[in-house]
$ cat structure_24.txt   # compact mmCIF, C-alpha atoms and all ligand atoms
# COMPACT_ATOMS: atom_id res chain seq x y z
CA MET A 178 43.11 -143.25 -2.76
CA ARG A 179 41.89 -140.09 -4.43
CA GLU A 180 45.20 -139.15 -5.96
CA ILE A 181 45.33 -137.70 -9.44
CA ASP A 182 48.31 -136.93 -11.64
CA LEU A 183 47.45 -133.48 -13.01
CA SER A 184 50.58 -133.16 -15.21
CA VAL A 185 48.76 -133.14 -18.57
CA TYR A 186 45.01 -133.02 -18.12
CA LEU A 187 43.00 -133.33 -21.33
CA VAL A 188 39.53 -131.78 -21.31
CA LEU A 189 37.45 -133.29 -24.12
CA ASP A 190 35.08 -131.00 -26.00
CA PRO A 191 32.89 -132.81 -28.56
CA GLY A 192 32.85 -129.84 -30.95
CA LEU A 193 36.63 -129.61 -31.10
CA CYS A 194 37.05 -133.40 -31.33
CA GLU A 195 34.70 -133.80 -34.26
CA ALA A 196 37.19 -135.25 -36.75
CA ILE A 197 38.04 -138.47 -34.87
CA GLY A 198 35.71 -138.24 -31.86
CA MET A 199 36.38 -137.90 -28.14
CA ALA A 200 37.19 -141.54 -27.36
CA GLU A 201 39.77 -141.84 -30.14
CA THR A 202 41.24 -138.46 -29.22
CA ALA A 203 41.60 -139.65 -25.62
CA ALA A 204 43.16 -142.96 -26.65
CA ARG A 205 45.74 -141.27 -28.86
CA ALA A 206 46.46 -138.49 -26.37
CA VAL A 207 47.13 -141.02 -23.62
CA THR A 208 49.78 -142.71 -25.74
CA GLY A 209 51.44 -139.27 -25.86
CA GLY A 210 51.44 -138.90 -22.08
CA VAL A 211 48.13 -137.39 -20.99
CA THR A 212 47.64 -138.22 -17.28
CA ALA A 213 43.96 -137.36 -16.75
CA VAL A 214 40.93 -136.98 -19.03
CA GLN A 215 37.76 -134.98 -18.51
CA LEU A 216 34.50 -135.27 -20.43
CA ARG A 217 33.06 -131.78 -20.79
CA ASP A 218 29.99 -131.68 -23.00
CA LYS A 219 27.61 -128.78 -22.51
CA THR A 220 25.22 -129.76 -25.30
CA ALA A 221 24.47 -133.51 -25.17
CA GLY A 222 21.33 -134.94 -23.64
CA GLN A 223 21.75 -137.41 -20.78
CA ALA A 224 21.67 -140.61 -22.86
CA GLU A 225 24.15 -139.24 -25.39
CA PHE A 226 26.37 -137.91 -22.60
CA ILE A 227 26.46 -141.29 -20.87
CA ALA A 228 27.16 -143.12 -24.14
CA ALA A 229 30.06 -140.76 -24.85
CA GLY A 230 31.40 -141.26 -21.32
CA ARG A 231 31.23 -145.03 -21.64
CA ALA A 232 33.12 -144.93 -24.93
CA ILE A 233 35.85 -142.76 -23.40
CA LYS A 234 35.98 -145.00 -20.32
CA ALA A 235 36.48 -148.01 -22.62
CA ALA A 236 39.22 -146.17 -24.51
CA LEU A 237 41.03 -145.52 -21.21
CA ALA A 238 40.64 -149.08 -19.88
CA GLY A 239 43.94 -150.52 -18.73
CA THR A 240 45.83 -147.22 -19.04
CA GLY A 241 45.47 -146.16 -15.41
CA VAL A 242 44.36 -142.71 -16.61
CA PRO A 243 41.27 -141.53 -14.73
CA LEU A 244 38.11 -140.23 -16.38
CA ILE A 245 36.63 -137.15 -14.74
CA VAL A 246 33.09 -136.11 -15.67
CA ASN A 247 32.21 -132.41 -15.77
CA ASP A 248 29.06 -131.09 -14.18
CA ASN A 249 26.89 -134.22 -14.29
CA VAL A 250 26.91 -136.24 -11.06
CA ALA A 251 24.35 -138.80 -12.17
CA ALA A 252 26.26 -139.47 -15.39
CA ALA A 253 29.59 -139.66 -13.56
CA ILE A 254 28.21 -142.43 -11.36
CA GLU A 255 26.43 -144.20 -14.22
CA ILE A 256 29.57 -144.17 -16.39
CA GLY A 257 31.69 -145.46 -13.51
CA ALA A 258 34.00 -142.47 -13.89
CA GLU A 259 36.88 -142.02 -11.47
CA GLY A 260 35.94 -138.44 -10.75
CA LEU A 261 33.62 -135.45 -10.98
CA HIS A 262 34.49 -131.85 -11.81
CA LEU A 263 32.28 -128.92 -10.83
CA GLY A 264 32.24 -125.18 -11.47
CA GLN A 265 31.53 -122.40 -9.02
CA GLY A 266 27.89 -122.30 -10.07
CA ASP A 267 27.30 -126.00 -9.55
CA MET A 268 26.27 -127.89 -6.42
CA PRO A 269 28.34 -127.31 -3.28
CA ALA A 270 31.30 -129.64 -2.67
CA HIS A 271 29.74 -131.22 0.43
CA GLU A 272 26.65 -132.19 -1.54
CA ALA A 273 28.75 -133.55 -4.41
CA ARG A 274 30.92 -135.54 -2.00
CA MET A 275 27.78 -137.00 -0.42
CA ARG A 276 26.49 -138.07 -3.84
CA ILE A 277 29.74 -139.57 -5.20
CA GLY A 278 30.95 -141.17 -1.97
CA PRO A 279 34.38 -141.12 -0.37
CA ASP A 280 36.45 -142.67 -3.17
CA MET A 281 35.76 -140.65 -6.32
CA ILE A 282 38.01 -137.74 -7.22
CA LEU A 283 36.37 -134.32 -6.87
CA GLY A 284 37.71 -131.26 -8.66
CA ILE A 285 36.41 -127.68 -8.55
CA SER A 286 37.03 -124.73 -10.89
CA VAL A 287 38.37 -121.63 -9.17
CA GLU A 288 38.81 -118.22 -10.75
CA THR A 289 40.01 -116.14 -7.79
CA PRO A 290 42.07 -116.52 -4.60
CA ASP A 291 38.81 -116.25 -2.63
CA HIS A 292 37.38 -119.22 -4.50
CA ALA A 293 40.56 -121.15 -3.77
CA ALA A 294 40.62 -120.24 -0.09
CA ALA A 295 37.04 -121.50 0.28
CA ILE A 296 38.01 -125.02 -0.85
CA ASP A 297 37.69 -127.73 1.82
CA ALA A 298 40.61 -130.12 1.37
CA ARG A 299 38.69 -132.88 3.15
CA LEU A 300 36.13 -132.88 0.34
CA VAL A 301 37.99 -131.67 -2.73
CA ASP A 302 41.04 -133.28 -4.35
CA TYR A 303 42.21 -130.63 -6.81
CA VAL A 304 41.25 -127.30 -8.34
CA GLY A 305 41.24 -126.17 -11.95
CA ALA A 306 42.62 -122.61 -11.82
CA GLY A 307 41.94 -120.08 -14.55
CA PRO A 308 41.30 -119.12 -17.18
CA VAL A 309 44.96 -118.19 -17.16
CA PHE A 310 44.74 -116.80 -20.70
CA ALA A 311 41.84 -115.76 -22.90
CA THR A 312 40.37 -118.65 -24.86
CA ALA A 313 37.72 -119.11 -27.51
CA THR A 314 36.97 -122.57 -26.13
CA LYS A 315 34.90 -121.21 -23.22
CA PRO A 316 32.77 -118.30 -24.41
CA GLY A 317 31.98 -115.75 -21.72
CA HIS A 318 34.75 -116.94 -19.42
CA ALA A 319 35.93 -114.90 -16.45
CA ALA A 320 38.74 -112.36 -16.89
CA PRO A 321 42.05 -114.16 -17.51
CA THR A 322 44.25 -114.39 -14.41
CA GLY A 323 47.64 -114.27 -16.13
CA LEU A 324 50.51 -116.16 -14.54
CA ASP A 325 50.74 -113.82 -11.53
CA GLY A 326 47.03 -114.24 -10.87
CA LEU A 327 47.46 -117.98 -11.22
CA ALA A 328 50.22 -117.94 -8.60
CA ALA A 329 47.97 -115.97 -6.22
CA ILE A 330 45.14 -118.47 -6.67
CA ILE A 331 47.45 -121.43 -6.14
CA ALA A 332 48.95 -119.84 -3.02
CA ALA A 333 45.44 -119.65 -1.55
CA ALA A 334 44.43 -123.21 -2.52
CA PRO A 335 44.74 -126.02 0.03
CA VAL A 336 44.88 -128.69 -2.69
CA PRO A 337 46.91 -129.20 -5.91
CA ALA A 338 45.96 -127.03 -8.88
CA VAL A 339 45.92 -127.54 -12.62
CA ALA A 340 46.23 -124.43 -14.81
CA ILE A 341 43.56 -124.04 -17.51
CA GLY A 342 42.60 -121.56 -20.20
CA GLY A 343 44.52 -120.88 -23.39
CA VAL A 344 47.40 -123.01 -22.18
CA LYS A 345 49.89 -124.13 -24.84
CA ARG A 346 53.30 -125.77 -24.75
CA ASP A 347 55.13 -122.51 -24.18
CA HIS A 348 53.09 -121.77 -21.03
CA ALA A 349 53.97 -125.01 -19.23
CA ALA A 350 57.11 -123.62 -17.59
CA GLY A 351 55.30 -120.50 -16.34
CA ALA A 352 52.38 -122.52 -14.98
CA ILE A 353 54.65 -124.93 -13.12
CA ALA A 354 56.72 -122.01 -11.79
CA ALA A 355 53.47 -120.46 -10.52
CA GLY A 356 52.94 -123.61 -8.47
CA ALA A 357 50.63 -125.63 -10.71
CA ALA A 358 50.82 -129.41 -10.59
CA GLY A 359 50.08 -129.52 -14.29
CA ILE A 360 48.26 -128.01 -17.25
CA ALA A 361 44.73 -128.65 -18.50
CA VAL A 362 44.05 -128.17 -22.18
CA VAL A 363 41.28 -128.52 -24.71
CA SER A 364 42.40 -126.99 -28.01
CA ALA A 365 46.10 -127.80 -27.59
CA ILE A 366 45.10 -131.46 -28.13
CA CYS A 367 41.47 -131.72 -29.33
CA GLY A 368 41.19 -131.26 -33.07
CA ARG A 369 44.95 -131.25 -33.58
CA PRO A 370 45.95 -133.42 -36.54
CA ASP A 371 48.07 -135.64 -34.28
CA PRO A 372 46.73 -135.70 -30.69
CA ALA A 373 49.42 -138.16 -29.56
CA ARG A 374 52.17 -135.86 -30.72
CA ALA A 375 50.43 -132.79 -29.28
CA ALA A 376 50.19 -134.58 -25.92
CA ARG A 377 53.83 -135.67 -26.11
CA VAL A 378 54.96 -132.09 -26.67
CA LEU A 379 52.96 -130.89 -23.65
CA ALA A 380 54.09 -133.80 -21.44
CA HIS A 381 57.70 -133.09 -22.34
CA ALA A 382 57.32 -129.39 -21.53
CA VAL A 383 55.71 -130.15 -18.16
CA LYS A 384 58.34 -132.72 -17.28
CA LYS A 385 61.14 -130.35 -18.22
CA ALA A 386 59.56 -127.57 -16.14
CA LYS A 387 59.19 -129.87 -13.13
CA ASP A 388 62.78 -131.09 -13.46
CA THR A 389 64.25 -127.58 -13.46
N1 LIG B 1 37.65 -123.57 -18.13
C1 LIG B 1 38.36 -122.44 -18.06
S1 LIG B 1 39.08 -122.09 -19.56
C2 LIG B 1 38.44 -123.50 -20.26
C3 LIG B 1 37.69 -124.17 -19.33
C4 LIG B 1 36.97 -125.42 -19.56
C5 LIG B 1 38.67 -123.88 -21.68
C6 LIG B 1 40.10 -124.20 -21.95
O1 LIG B 1 40.24 -124.55 -23.31
P1 LIG B 1 41.57 -124.26 -24.12
O2 LIG B 1 41.21 -124.63 -25.54
O3 LIG B 1 42.63 -125.17 -23.57
O4 LIG B 1 41.89 -122.81 -23.98
MG MG B 2 29.54 -126.40 -14.37
$ encode --input "structure_24.txt" --output "structure tokens" --more "lines below"
Ligand code: TZP
Ligand code: MG
Amino acid sequence: MREIDLSVYLVLDPGLCEAIGMAETAARAVTGGVTAVQLRDKTAGQAEFIAAGRAIKAALAGTGVPLIVNDNVAAAIEIGAEGLHLGQGDMPAHEARMRIGPDMILGISVETPDHAAAIDARLVDYVGAGPVFATATKPGHAAPTGLDGLAAIIAAAPVPAVAIGGVKRDHAAGAIAAGAAGIAVVSAICGRPDPARAARVLAHAVKKAKDT
């Protein structure tokens, strides 16, 4: 089954995780309630990328939390990741699905309602919608959607959406109200002094938003 709990989706950035590393950040964040983890490294070479992915995969072993690999199909397969995440500029979903097979999770970034409407729910399991707010984590990102824009994107999407981009604890309620299945964060967990606590705060906010 290609189901994924998007409630608190941690996107690992090696630069922001420098202090304790990505695998340790993931391990601690999962104890705080992170439900999915993505490896997003735009600078590593292939060998380094795969080594990092394997270390994160080992850190997640036995937790039931899936590892999603950004942008790198060959590495996703090599690492034995549970999923692959692609941007609008990457290979088309049908090609990705052919490469990863029927069982791996496939996520796609969408920035507009048109992007969302073009998603084929037979091929794609979830979308990352945003950036909702401006963020220094992704230089040169598209114009922020705001919460109303997020709602419009989600309304057009045939699959569950996770809200990304500048998302902090206080945005969880708005994102869930806009229809998101969860929130995806980098800097709200990576590089925080206590990633477990940071994750717990986010998980609590998402749960509270879903319960109301
Ligand atoms: N895609 C859209 S915004 C973003 C990505 C990967 C970065 C989100 O990082 P942060 O630190 O949670 O704003
Ligand atoms: Mg990409």
$ residues_near_ligand --input "structure_24.txt" --ligand "ligand LIG 1 (chain B)" --cutoff "7 Å" --atoms "only C-alpha atoms and all ligand atoms" --output "PyMOL selection string"
chain A and resi 307-308+312-315+318+341-344+361-365
$ write_last_selection --input "structure_24.txt" --atoms "C-alpha atoms" --output "compact mmCIF listing (two decimals), in the coordinates of the input"
# COMPACT_ATOMS: atom_id res chain seq x y z
CA GLY A 307 41.94 -120.08 -14.55
CA PRO A 308 41.30 -119.12 -17.18
CA THR A 312 40.37 -118.65 -24.86
CA ALA A 313 37.72 -119.11 -27.51
CA THR A 314 36.97 -122.57 -26.13
CA LYS A 315 34.90 -121.21 -23.22
CA HIS A 318 34.75 -116.94 -19.42
CA ILE A 341 43.56 -124.04 -17.51
CA GLY A 342 42.60 -121.56 -20.20
CA GLY A 343 44.52 -120.88 -23.39
CA VAL A 344 47.40 -123.01 -22.18
CA ALA A 361 44.73 -128.65 -18.50
CA VAL A 362 44.05 -128.17 -22.18
CA VAL A 363 41.28 -128.52 -24.71
CA SER A 364 42.40 -126.99 -28.01
CA ALA A 365 46.10 -127.80 -27.59
$ closest_residue --input "structure_24.txt" --among "A:Leu187, A:Ile254, A:Ala206, A:Ile285" --to "ligand MG 2 (chain B)" --atoms "all atoms listed in the file"
A:Ile285
$ residues_near_ligand --input "structure_24.txt" --ligand "ligand MG 2 (chain B)" --cutoff "6 Å" --atoms "all atoms listed in the file" --output "list in words"
Asp248, Leu263, Gly264 and Asp267 of chain A
$ residues_around --input "structure_24.txt" --residues "Asn247 (chain A)" --least-positions-apart "3" --cutoff "7 Å" --atoms "all atoms listed in the file" --output "MDAnalysis selection string"
chainID A and resid 215:217 261:263
$ residues_around --input "structure_24.txt" --residues "Thr389 (chain A)" --least-positions-apart "5" --cutoff "10 Å" --atoms "all atoms listed in the file" --output "list of chain:residue names"
A:Ala350, A:Ile353, A:Ala354, A:Lys384
$ atom_distance --input "structure_24.txt" --atom1 "CA of Gly210 (chain A)" --atom2 "CA of Phe226 (chain A)"
25.1 Å
$ atom_distance --input "structure_24.txt" --atom1 "CA of Val211 (chain A)" --atom2 "CA of Phe310 (chain A)"
20.9 Å
$ closest_residue --input "structure_24.txt" --among "A:Gly260, A:Gly284, A:Pro316, A:Gly222" --to "Lys234 (chain A)" --atoms "all atoms listed in the file"
A:Gly260
$ residues_around --input "structure_24.txt" --residues "Ser184 (chain A)" --least-positions-apart "3" --cutoff "7 Å" --atoms "only C-alpha atoms" --output "list in words"
Thr212, Ala358, Gly359, Ile360 and Val383 of chain A
$ closest_residue --input "structure_24.txt" --among "A:Glu272, A:Asp371, A:Asp291, A:Glu259" --to "Glu180 (chain A)" --atoms "only C-alpha atoms"
A:Glu259
$ residues_around --input "structure_24.txt" --residues "Arg231 (chain A)" --least-positions-apart "4" --cutoff "9 Å" --atoms "only C-alpha atoms" --output "PyMOL selection string"
chain A and resi 200+226-227+235-236+255-258
$ closest_residue --input "structure_24.txt" --among "A:Ala376, A:Asp280, A:Leu183, A:Ala213" --to "Leu244 (chain A)" --atoms "all atoms listed in the file"
A:Ala213
$ residues_around --input "structure_24.txt" --residues "Ile181 (chain A)" --least-positions-apart "5" --cutoff "9 Å" --atoms "only C-alpha atoms" --output "PyMOL selection string"
chain A and resi 212-213+242-243+282+302-303
$ atom_distance --input "structure_24.txt" --atom1 "CA of Leu193 (chain A)" --atom2 "CA of Ala224 (chain A)"
20.3 Å
$ residues_near_point --input "structure_24.txt" --point "(40.1, -120.1, -5.4)" --cutoff "10 Å" --atoms "all atoms listed in the file" --output "list in words"
Gln265, Ile285, Ser286, Val287, Glu288, Thr289, Pro290, Asp291, His292, Ala293, Ala294, Ala295, Ile296, Val304, Gly305, Ala306, Gly307, Leu327, Ala329, Ile330, Ile331, Ala332, Ala333, Ala334, Pro335 and Ala338 of chain A
$ build_atoms --input "structure_24.txt" --residues "region 369-386 of chain A" --atoms "N, CA and C atoms" --output "short mmCIF file (atom, residue, chain, number, x, y, z; two decimals), keeping the file's coordinate frame"
data_model
loop_
_atom_site.label_atom_id
_atom_site.label_comp_id
_atom_site.auth_asym_id
_atom_site.auth_seq_id
_atom_site.Cartn_x
_atom_site.Cartn_y
_atom_site.Cartn_z
N ARG A 369 43.61 -131.33 -32.96
CA ARG A 369 44.95 -131.25 -33.58
C ARG A 369 45.11 -132.46 -34.49
N PRO A 370 45.83 -132.31 -35.59
CA PRO A 370 45.95 -133.42 -36.54
C PRO A 370 46.55 -134.68 -35.90
N ASP A 371 47.42 -134.49 -34.92
CA ASP A 371 48.07 -135.64 -34.28
C ASP A 371 48.01 -135.47 -32.76
N PRO A 372 46.90 -135.91 -32.14
CA PRO A 372 46.73 -135.70 -30.69
C PRO A 372 47.81 -136.37 -29.85
N ALA A 373 48.35 -137.48 -30.32
CA ALA A 373 49.42 -138.16 -29.56
C ALA A 373 50.66 -137.28 -29.52
N ARG A 374 50.99 -136.73 -30.66
CA ARG A 374 52.17 -135.86 -30.72
C ARG A 374 51.94 -134.58 -29.91
N ALA A 375 50.74 -134.02 -30.04
CA ALA A 375 50.43 -132.79 -29.28
C ALA A 375 50.58 -133.06 -27.78
N ALA A 376 50.09 -134.22 -27.34
CA ALA A 376 50.19 -134.58 -25.92
C ALA A 376 51.65 -134.77 -25.53
N ARG A 377 52.41 -135.40 -26.41
CA ARG A 377 53.83 -135.67 -26.11
C ARG A 377 54.59 -134.36 -25.91
N VAL A 378 54.30 -133.40 -26.76
CA VAL A 378 54.96 -132.09 -26.67
C VAL A 378 54.63 -131.42 -25.33
N LEU A 379 53.37 -131.50 -24.93
CA LEU A 379 52.96 -130.89 -23.65
C LEU A 379 53.58 -131.64 -22.47
N ALA A 380 53.55 -132.98 -22.54
CA ALA A 380 54.09 -133.80 -21.44
C ALA A 380 55.58 -133.52 -21.27
N HIS A 381 56.26 -133.37 -22.39
CA HIS A 381 57.70 -133.09 -22.34
C HIS A 381 57.96 -131.73 -21.70
N ALA A 382 57.15 -130.74 -22.08
CA ALA A 382 57.32 -129.39 -21.53
C ALA A 382 57.05 -129.36 -20.03
N VAL A 383 56.04 -130.10 -19.60
CA VAL A 383 55.71 -130.15 -18.16
C VAL A 383 56.83 -130.86 -17.39
N LYS A 384 57.30 -131.96 -17.95
CA LYS A 384 58.34 -132.72 -17.28
C LYS A 384 59.61 -131.87 -17.14
N LYS A 385 59.95 -131.20 -18.22
CA LYS A 385 61.14 -130.35 -18.22
C LYS A 385 60.99 -129.24 -17.18
N ALA A 386 59.79 -128.65 -17.12
CA ALA A 386 59.56 -127.57 -16.14
C ALA A 386 59.66 -128.10 -14.72
#
